[in-house]
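> Contents of run_14.cif (mmCIF, C-alpha atoms):
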```
data_my_file
loop_
_atom_site.group_PDB
_atom_site.id
_atom_site.type_symbol
_atom_site.label_atom_id
_atom_site.label_comp_id
_atom_site.auth_asym_id
_atom_site.auth_seq_id
_atom_site.Cartn_x
_atom_site.Cartn_y
_atom_site.Cartn_z
ATOM 1 C CA MET G 1 191.459 289.347 77.706
ATOM 2 C CA LYS G 2 193.486 286.911 75.620
ATOM 3 C CA THR G 3 192.604 286.268 72.017
ATOM 4 C CA SER G 4 191.906 282.604 72.781
ATOM 5 C CA ASN G 5 189.371 283.646 75.433
ATOM 6 C CA TYR G 6 187.599 285.895 72.922
ATOM 7 C CA ILE G 7 187.408 282.990 70.494
ATOM 8 C CA THR G 8 186.020 280.644 73.178
ATOM 9 C CA LEU G 9 183.468 283.215 74.299
ATOM 10 C CA SER G 10 182.368 283.859 70.722
ATOM 11 C CA PHE G 11 181.988 280.129 70.069
ATOM 12 C CA PHE G 12 179.726 279.509 73.073
ATOM 13 C CA THR G 13 177.692 282.649 72.322
ATOM 14 C CA PHE G 14 177.098 281.372 68.783
ATOM 15 C CA LEU G 15 176.304 277.848 69.999
ATOM 16 C CA PHE G 16 173.751 278.792 72.672
ATOM 17 C CA GLY G 17 172.301 281.532 70.474
ATOM 18 C CA GLY G 18 171.625 278.947 67.742
ATOM 19 C CA ILE G 19 170.009 276.551 70.205
ATOM 20 C CA PHE G 20 167.776 279.344 71.520
ATOM 21 C CA ILE G 21 166.664 280.269 67.977
ATOM 22 C CA LEU G 22 165.823 276.654 67.193
ATOM 23 C CA PHE G 23 163.833 276.414 70.436
ATOM 24 C CA LEU G 24 161.806 279.499 69.514
ATOM 25 C CA ALA G 25 161.192 278.181 65.996
ATOM 26 C CA ALA G 26 159.897 274.904 67.412
ATOM 27 C CA LYS G 27 157.491 276.773 69.674
ATOM 28 C CA ILE G 28 156.226 279.072 66.928
ATOM 29 C CA ASP G 29 155.820 276.468 64.158
ATOM 30 C CA PRO G 30 152.777 274.292 64.877
ATOM 31 C CA ARG G 31 154.203 271.535 62.678
ATOM 32 C CA SER G 32 156.975 270.975 65.206
ATOM 33 C CA ASP G 33 154.416 269.247 67.445
ATOM 34 C CA GLN G 34 154.958 265.516 67.119
ATOM 35 C CA LYS G 35 151.201 264.902 67.413
ATOM 36 C CA GLN G 36 150.621 265.767 63.758
ATOM 37 C CA GLU G 37 147.340 264.617 62.256
ATOM 38 C CA PHE G 38 147.153 263.541 58.635
ATOM 39 C CA VAL G 39 144.065 263.237 56.452
ATOM 40 C CA THR G 40 143.362 261.522 53.125
ATOM 41 C CA ASP G 41 141.360 262.757 50.158
ATOM 42 C CA GLU G 42 140.686 259.951 47.646
ATOM 43 C CA LYS G 43 138.616 259.554 44.473
ATOM 44 C CA PRO G 44 137.852 256.344 42.518
ATOM 45 C CA LEU G 45 139.142 256.018 38.951
ATOM 46 C CA ASP G 46 138.206 254.086 35.831
ATOM 47 C CA ASN G 47 140.728 251.404 34.992
ATOM 48 C CA PHE G 48 143.892 252.511 33.142
ATOM 49 C CA SER G 49 147.210 251.004 32.026
ATOM 50 C CA VAL G 50 149.162 254.190 31.178
ATOM 51 C CA VAL G 51 150.104 257.063 33.490
ATOM 52 C CA ILE G 52 151.247 260.478 32.240
ATOM 53 C CA ALA G 53 152.695 262.957 34.722
ATOM 54 C CA GLU G 54 152.122 266.362 33.204
ATOM 55 C CA PRO G 55 154.749 269.152 33.647
ATOM 56 C CA GLY G 56 155.495 269.742 37.323
ATOM 57 C CA ALA G 57 153.382 266.834 38.592
ATOM 58 C CA ASN G 58 154.546 264.895 41.662
ATOM 59 C CA ILE G 59 153.032 261.407 41.832
ATOM 60 C CA ARG G 60 153.522 258.147 43.718
ATOM 61 C CA ILE G 61 152.338 254.946 42.005
ATOM 62 C CA LYS G 62 151.374 251.706 43.786
ATOM 63 C CA SER G 63 149.520 248.530 42.848
ATOM 64 C CA GLY G 64 146.111 247.898 44.375
ATOM 65 C CA GLU G 65 142.769 246.206 43.791
ATOM 66 C CA ALA G 66 140.748 249.360 43.097
ATOM 67 C CA PRO G 67 142.098 252.190 40.908
ATOM 68 C CA LYS G 68 142.010 255.534 42.705
ATOM 69 C CA ILE G 69 143.819 258.829 43.163
ATOM 70 C CA GLY G 70 144.397 260.666 46.419
ATOM 71 C CA LEU G 71 146.385 262.988 48.639
ATOM 72 C CA TYR G 72 147.774 262.268 52.099
ATOM 73 C CA TYR G 73 148.615 265.502 53.898
ATOM 74 C CA LEU G 74 148.680 267.409 57.186
ATOM 75 C CA LYS G 75 145.230 268.323 58.429
ATOM 76 C CA ASP G 76 146.113 272.014 58.735
ATOM 77 C CA ASP G 77 147.097 272.180 55.053
ATOM 78 C CA THR G 78 144.293 273.093 52.662
ATOM 79 C CA CYS G 79 145.348 270.705 49.902
ATOM 80 C CA THR G 80 143.119 269.756 46.994
ATOM 81 C CA LEU G 81 143.644 267.093 44.365
ATOM 82 C CA PRO G 82 145.332 268.358 41.198
ATOM 83 C CA ALA G 83 143.416 268.153 37.926
ATOM 84 C CA TYR G 84 143.286 264.628 36.463
ATOM 85 C CA ILE G 85 141.385 262.626 33.873
ATOM 86 C CA VAL G 86 141.244 259.054 32.559
ATOM 87 C CA ARG G 87 140.944 258.994 28.782
ATOM 88 C CA ASN G 88 141.476 256.076 26.378
ATOM 89 C CA ASP G 89 143.014 253.850 29.075
ATOM 90 C CA THR G 90 145.422 256.649 30.104
ATOM 91 C CA LEU G 91 145.517 258.589 33.374
ATOM 92 C CA PHE G 92 146.710 262.202 33.033
ATOM 93 C CA VAL G 93 147.769 263.934 36.274
ATOM 94 C CA GLN G 94 148.447 267.665 36.380
ATOM 95 C CA ALA G 95 150.750 269.541 38.764
ATOM 96 C CA ASN G 96 149.287 270.803 42.022
ATOM 97 C CA PRO G 97 149.033 274.599 41.584
ATOM 98 C CA GLN G 98 149.013 275.298 45.330
ATOM 99 C CA LYS G 99 152.072 276.530 47.192
ATOM 100 C CA ASN G 100 151.989 273.393 49.319
ATOM 101 C CA GLY G 101 151.866 271.234 46.199
ATOM 102 C CA HIS G 102 155.012 269.430 47.348
ATOM 103 C CA TRP G 103 152.711 266.716 48.719
ATOM 104 C CA SER G 104 152.799 263.853 46.216
ATOM 105 C CA THR G 105 149.614 262.616 44.553
ATOM 106 C CA ASN G 106 149.009 258.914 45.233
ATOM 107 C CA VAL G 107 147.941 256.812 42.255
ATOM 108 C CA ILE G 108 146.649 253.282 42.862
ATOM 109 C CA CYS G 109 146.428 251.021 39.806
ATOM 110 C CA ARG G 110 145.625 247.397 39.091
ATOM 111 C CA GLN G 111 148.353 247.010 36.488
ATOM 112 C CA ILE G 112 150.138 249.446 34.207
ATOM 113 C CA ASN G 113 152.505 248.974 31.289
ATOM 114 C CA SER G 114 153.670 252.524 30.544
ATOM 115 C CA ILE G 115 154.635 255.703 32.422
ATOM 116 C CA GLU G 116 155.558 259.084 30.962
ATOM 117 C CA GLY G 117 157.110 261.937 32.900
ATOM 118 C CA LYS G 118 157.057 265.405 31.355
ATOM 119 C CA ALA G 119 159.181 268.452 32.222
ATOM 120 C CA LYS G 120 159.994 268.865 35.928
ATOM 121 C CA SER G 121 157.716 266.028 36.970
ATOM 122 C CA ARG G 122 158.653 263.578 39.730
ATOM 123 C CA ILE G 123 157.497 259.950 39.714
ATOM 124 C CA ASN G 124 157.907 257.467 42.581
ATOM 125 C CA VAL G 125 156.995 253.828 41.943
ATOM 126 C CA GLU G 126 156.694 251.200 44.673
ATOM 127 C CA GLN G 127 154.903 247.893 45.178
ATOM 128 C CA LEU G 128 154.222 247.699 41.456
ATOM 129 C CA LYS G 129 153.128 244.390 39.913
ATOM 130 C CA CYS G 130 153.817 244.047 36.201
ATOM 131 C CA ASP G 131 155.585 241.816 33.695
ATOM 132 C CA SER G 132 157.083 244.680 31.719
ATOM 133 C CA LEU G 133 157.156 248.468 31.996
ATOM 134 C CA LEU G 134 158.039 251.253 29.560
ATOM 135 C CA VAL G 135 159.116 254.578 31.080
ATOM 136 C CA ARG G 136 159.604 257.750 29.025
ATOM 137 C CA LEU G 137 161.164 260.796 30.691
ATOM 138 C CA ASP G 138 161.750 264.322 29.432
ATOM 139 C CA ASN G 139 163.544 266.505 31.995
ATOM 140 C CA ALA G 140 161.903 264.450 34.744
ATOM 141 C CA GLU G 141 162.790 262.341 37.809
ATOM 142 C CA PHE G 142 161.936 258.650 38.213
ATOM 143 C CA TYR G 143 162.407 256.607 41.389
ATOM 144 C CA TYR G 144 161.665 252.894 41.754
ATOM 145 C CA ARG G 145 161.737 251.112 45.109
ATOM 146 C CA ARG G 146 161.670 247.330 45.303
ATOM 147 C CA GLU G 147 158.993 245.709 47.437
ATOM 148 C CA LYS G 148 159.915 243.134 50.080
ATOM 149 C CA ASN G 149 159.228 240.034 47.991
ATOM 150 C CA PRO G 150 159.939 241.158 44.446
ATOM 151 C CA VAL G 151 159.182 239.374 41.195
ATOM 152 C CA GLY G 152 161.529 240.254 38.370
ATOM 153 C CA PHE G 153 160.190 242.259 35.430
ATOM 154 C CA ALA G 154 161.437 243.820 32.200
ATOM 155 C CA LEU G 155 162.045 247.579 32.237
ATOM 156 C CA ARG G 156 162.676 249.870 29.272
ATOM 157 C CA LEU G 157 163.828 253.424 30.022
ATOM 158 C CA LEU G 158 163.884 256.197 27.421
ATOM 159 C CA ALA G 159 165.139 259.394 29.012
ATOM 160 C CA PHE G 160 166.331 262.850 28.021
ATOM 161 C CA GLN G 161 167.954 265.211 30.532
ATOM 162 C CA SER G 162 166.490 263.253 33.436
ATOM 163 C CA LYS G 163 167.362 261.515 36.698
ATOM 164 C CA VAL G 164 166.686 257.835 37.459
ATOM 165 C CA ASN G 165 167.111 255.943 40.727
ATOM 166 C CA LEU G 166 166.462 252.214 41.155
ATOM 167 C CA GLU G 167 166.594 251.243 44.821
ATOM 168 C CA ASN G 168 167.375 247.540 45.391
ATOM 169 C CA ALA G 169 165.552 246.651 42.178
ATOM 170 C CA PHE G 170 165.363 243.135 40.740
ATOM 171 C CA ILE G 171 164.979 243.418 36.960
ATOM 172 C CA THR G 172 165.232 240.565 34.481
ATOM 173 C CA ASN G 173 165.861 242.756 31.421
ATOM 174 C CA LEU G 174 166.791 246.437 31.530
ATOM 175 C CA ASP G 175 167.033 248.347 28.261
ATOM 176 C CA VAL G 176 168.109 251.999 28.383
ATOM 177 C CA ASN G 177 168.357 254.805 25.865
ATOM 178 C CA PHE G 178 169.736 257.850 27.683
ATOM 179 C CA ASN G 179 170.616 261.365 26.585
ATOM 180 C CA LYS G 180 171.978 263.760 29.219
ATOM 181 C CA THR G 181 170.605 261.415 31.894
ATOM 182 C CA ASP G 182 172.023 260.149 35.193
ATOM 183 C CA MET G 183 170.998 256.817 36.690
ATOM 184 C CA ASP G 184 171.908 255.287 40.055
ATOM 185 C CA ALA G 185 171.088 251.625 40.666
ATOM 186 C CA TRP G 186 173.642 250.554 43.281
ATOM 187 C CA GLY G 187 172.410 247.571 45.285
ATOM 188 C CA SER G 188 170.135 246.432 42.467
ATOM 189 C CA HIS G 189 170.261 243.096 40.631
ATOM 190 C CA ILE G 190 169.922 243.378 36.848
ATOM 191 C CA LYS G 191 170.100 240.068 34.993
ATOM 192 C CA ASN G 192 170.469 241.559 31.496
ATOM 193 C CA LEU G 193 171.454 245.151 30.690
ATOM 194 C CA SER G 194 171.422 246.602 27.169
ATOM 195 C CA GLY G 195 171.060 249.953 25.447
ATOM 196 C CA LYS G 196 172.847 253.222 24.699
ATOM 197 C CA LEU G 197 174.299 256.141 26.658
ATOM 198 C CA ASN G 198 174.659 259.416 24.796
ATOM 199 C CA ASP G 199 175.499 263.072 25.392
ATOM 200 C CA LYS G 200 177.051 263.066 28.885
ATOM 201 C CA SER G 201 174.897 260.328 30.395
ATOM 202 C CA ASN G 202 176.110 258.484 33.487
ATOM 203 C CA LEU G 203 175.211 255.074 34.887
ATOM 204 C CA SER G 204 176.103 253.517 38.259
ATOM 205 C CA MET G 205 174.915 249.928 38.561
ATOM 206 C CA GLY G 206 174.776 247.120 41.067
ATOM 207 C CA ARG G 207 175.001 243.436 40.184
ATOM 208 C CA ILE G 208 174.843 242.678 36.442
ATOM 209 C CA ASP G 209 174.757 239.138 35.015
ATOM 210 C CA ARG G 210 175.051 240.112 31.344
ATOM 211 C CA ILE G 211 175.753 243.457 29.708
ATOM 212 C CA SER G 212 175.555 244.799 26.148
ATOM 213 C CA LEU G 213 175.844 248.557 26.499
ATOM 214 C CA GLU G 214 177.071 251.218 24.072
ATOM 215 C CA ALA G 215 178.399 254.529 25.434
ATOM 216 C CA ASP G 216 179.694 257.484 23.457
ATOM 217 C CA SER G 217 182.909 259.300 24.417
ATOM 218 C CA THR G 218 181.070 261.756 26.677
ATOM 219 C CA SER G 219 179.217 259.134 28.735
ATOM 220 C CA THR G 220 180.380 256.800 31.510
ATOM 221 C CA TYR G 221 179.151 253.806 33.473
ATOM 222 C CA ARG G 222 180.366 252.011 36.592
ATOM 223 C CA LEU G 223 179.499 248.460 37.594
ATOM 224 C CA GLU G 224 179.631 246.824 41.019
ATOM 225 C CA LYS G 225 182.302 244.150 41.169
#
```
As structure tokens, how would this structure be written, given the file I've shared?

Amino acid sequence: MKTSNYITLSFFTFLFGGIFILFLAAKIDPRSDQKQEFVTDEKPLDNFSVVIAEPGANIRIKSGEAPKIGLYYLKDDTCTLPAYIVRNDTLFVQANPQKNGHWSTNVICRQINSIEGKAKSRINVEQLKCDSLLVRLDNAEFYYRREKNPVGFALRLLAFQSKVNLENAFITNLDVNFNKTDMDAWGSHIKNLSGKLNDKSNLSMGRIDRISLEADSTSTYRLEK
């Protein structure tokens, strides 16, 4: 048999073998069924204006009329809410210790003015209503997604060894102080940008009306033209 025929035969054996394995995996894994049922576990909260994501916490923050905390997860998963407490107008959320703790904890708030993310925490913010917001990050991840009809707000970001993503954000004033931090804000509209980039920080920005940014020799920033 020619070498080319061996190659062709090997290719089709690999291809159909892979398809067969995927088929078996879909049959064995109950989550592959498209008729997945989700459940919600929610608890009411006292009012708060500050959120602290403790080390390893994974939270999603939204605005709402009634403050509460909850999980939205597959019915077959035995998830429980991570430890939390409201103290002195501050909500503290711990990491979920369970193996399936990748499900994010939903936090509903009336209005907040400050968020802090500690080591290896992940914070998603969407549909947030506020005039100004202070975000402090220490080896954490912060994601902001603009709602459909946004109202501009002022955002101050203080971050060390962290990752920031602003998706289609509309921000009137953005002030940053970054150390070893990467930020992606392509597609966003920032009216005024100011601050400092230090120690190998990187910034990729969308539309900027005015800019007053200092960057040391190890840091870079790119602006949409």
> Taking all atoms listed in the file into account, name the residue in G:Ala119, G:Met205, G:Leu128, G:Leu134 that is nearest to Gln161 (chain G).
G:Ala119
> So what does the PyMOL selection byres ((chain G and resi 56) around 7) actually pick up in this one, as a PyMOL selection string?
chain G and resi 54-55+57-58+95+119-121
> Next, dump the selected residues to file, keeping only C-alpha atoms, as a compact mmCIF listing (two decimals), keeping the file's coordinate frame.

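The result, stored in selection.txt:
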```txt
# COMPACT_ATOMS: atom_id res chain seq x y z
CA GLU G 54 152.12 266.36 33.20
CA PRO G 55 154.75 269.15 33.65
CA ALA G 57 153.38 266.83 38.59
CA ASN G 58 154.55 264.90 41.66
CA ALA G 95 150.75 269.54 38.76
CA ALA G 119 159.18 268.45 32.22
CA LYS G 120 159.99 268.86 35.93
CA SER G 121 157.72 266.03 36.97
```
> Give as a list in words the residues that the PyMOL selection byres ((chain G and resi 108) around 10) matches when applied to the coordinates above.
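With the shown file as input, the PyMOL selection byres ((chain G and resi 108) around 10) matches Pro44, Leu45, Arg60, Ile61, Lys62, Ser63, Gly64, Glu65, Ala66, Pro67, Lys68, Ile69, Gly70, Thr105, Asn106, Val107, Cys109, Arg110, Gln111 and Leu128 of chain G.
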> Kindly resolve the PyMOL selection byres ((chain G and resi 182) around 12) on the present coordinates and return the residues as an MDAnalysis selection string.
chainID G and resid 137 139:143 157:166 176:181 183:185 197:205 219:222
> Restrict the selected residues to C-alpha atoms and save them as an mmCIF file, in the coordinates of the input.

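After the write, part-v1.cif holds the following:
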```
data_model
loop_
_atom_site.group_PDB
_atom_site.id
_atom_site.type_symbol
_atom_site.label_atom_id
_atom_site.label_comp_id
_atom_site.auth_asym_id
_atom_site.auth_seq_id
_atom_site.Cartn_x
_atom_site.Cartn_y
_atom_site.Cartn_z
ATOM 1 C CA LEU G 137 161.164 260.796 30.691
ATOM 2 C CA ASN G 139 163.544 266.505 31.995
ATOM 3 C CA ALA G 140 161.903 264.450 34.744
ATOM 4 C CA GLU G 141 162.790 262.341 37.809
ATOM 5 C CA PHE G 142 161.936 258.650 38.213
ATOM 6 C CA TYR G 143 162.407 256.607 41.389
ATOM 7 C CA LEU G 157 163.828 253.424 30.022
ATOM 8 C CA LEU G 158 163.884 256.197 27.421
ATOM 9 C CA ALA G 159 165.139 259.394 29.012
ATOM 10 C CA PHE G 160 166.331 262.850 28.021
ATOM 11 C CA GLN G 161 167.954 265.211 30.532
ATOM 12 C CA SER G 162 166.490 263.253 33.436
ATOM 13 C CA LYS G 163 167.362 261.515 36.698
ATOM 14 C CA VAL G 164 166.686 257.835 37.459
ATOM 15 C CA ASN G 165 167.111 255.943 40.727
ATOM 16 C CA LEU G 166 166.462 252.214 41.155
ATOM 17 C CA VAL G 176 168.109 251.999 28.383
ATOM 18 C CA ASN G 177 168.357 254.805 25.865
ATOM 19 C CA PHE G 178 169.736 257.850 27.683
ATOM 20 C CA ASN G 179 170.616 261.365 26.585
ATOM 21 C CA LYS G 180 171.978 263.760 29.219
ATOM 22 C CA THR G 181 170.605 261.415 31.894
ATOM 23 C CA MET G 183 170.998 256.817 36.690
ATOM 24 C CA ASP G 184 171.908 255.287 40.055
ATOM 25 C CA ALA G 185 171.088 251.625 40.666
ATOM 26 C CA LEU G 197 174.299 256.141 26.658
ATOM 27 C CA ASN G 198 174.659 259.416 24.796
ATOM 28 C CA ASP G 199 175.499 263.072 25.392
ATOM 29 C CA LYS G 200 177.051 263.066 28.885
ATOM 30 C CA SER G 201 174.897 260.328 30.395
ATOM 31 C CA ASN G 202 176.110 258.484 33.487
ATOM 32 C CA LEU G 203 175.211 255.074 34.887
ATOM 33 C CA SER G 204 176.103 253.517 38.259
ATOM 34 C CA MET G 205 174.915 249.928 38.561
ATOM 35 C CA SER G 219 179.217 259.134 28.735
ATOM 36 C CA THR G 220 180.380 256.800 31.510
ATOM 37 C CA TYR G 221 179.151 253.806 33.473
ATOM 38 C CA ARG G 222 180.366 252.011 36.592
#
```
> What is the distance, in Å and to one decimal place, between CA of Phe153 (chain G) and CA of Tyr84 (chain G)?
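Value for the CA of Phe153 (chain G)-CA of Tyr84 (chain G) distance: 28.1 Å.
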> Give the answer as one residue: which of G:Ala53, G:Val86, G:Ala169, G:Leu155 has the shortest atom-to-atom distance to Leu193 (chain G), using only C-alpha atoms?
G:Leu155
> G:Glu116, G:Glu167, G:Asp175, G:Asp89: which is nearest Ser132 (chain G), counting all atoms listed in the file?
G:Asp175
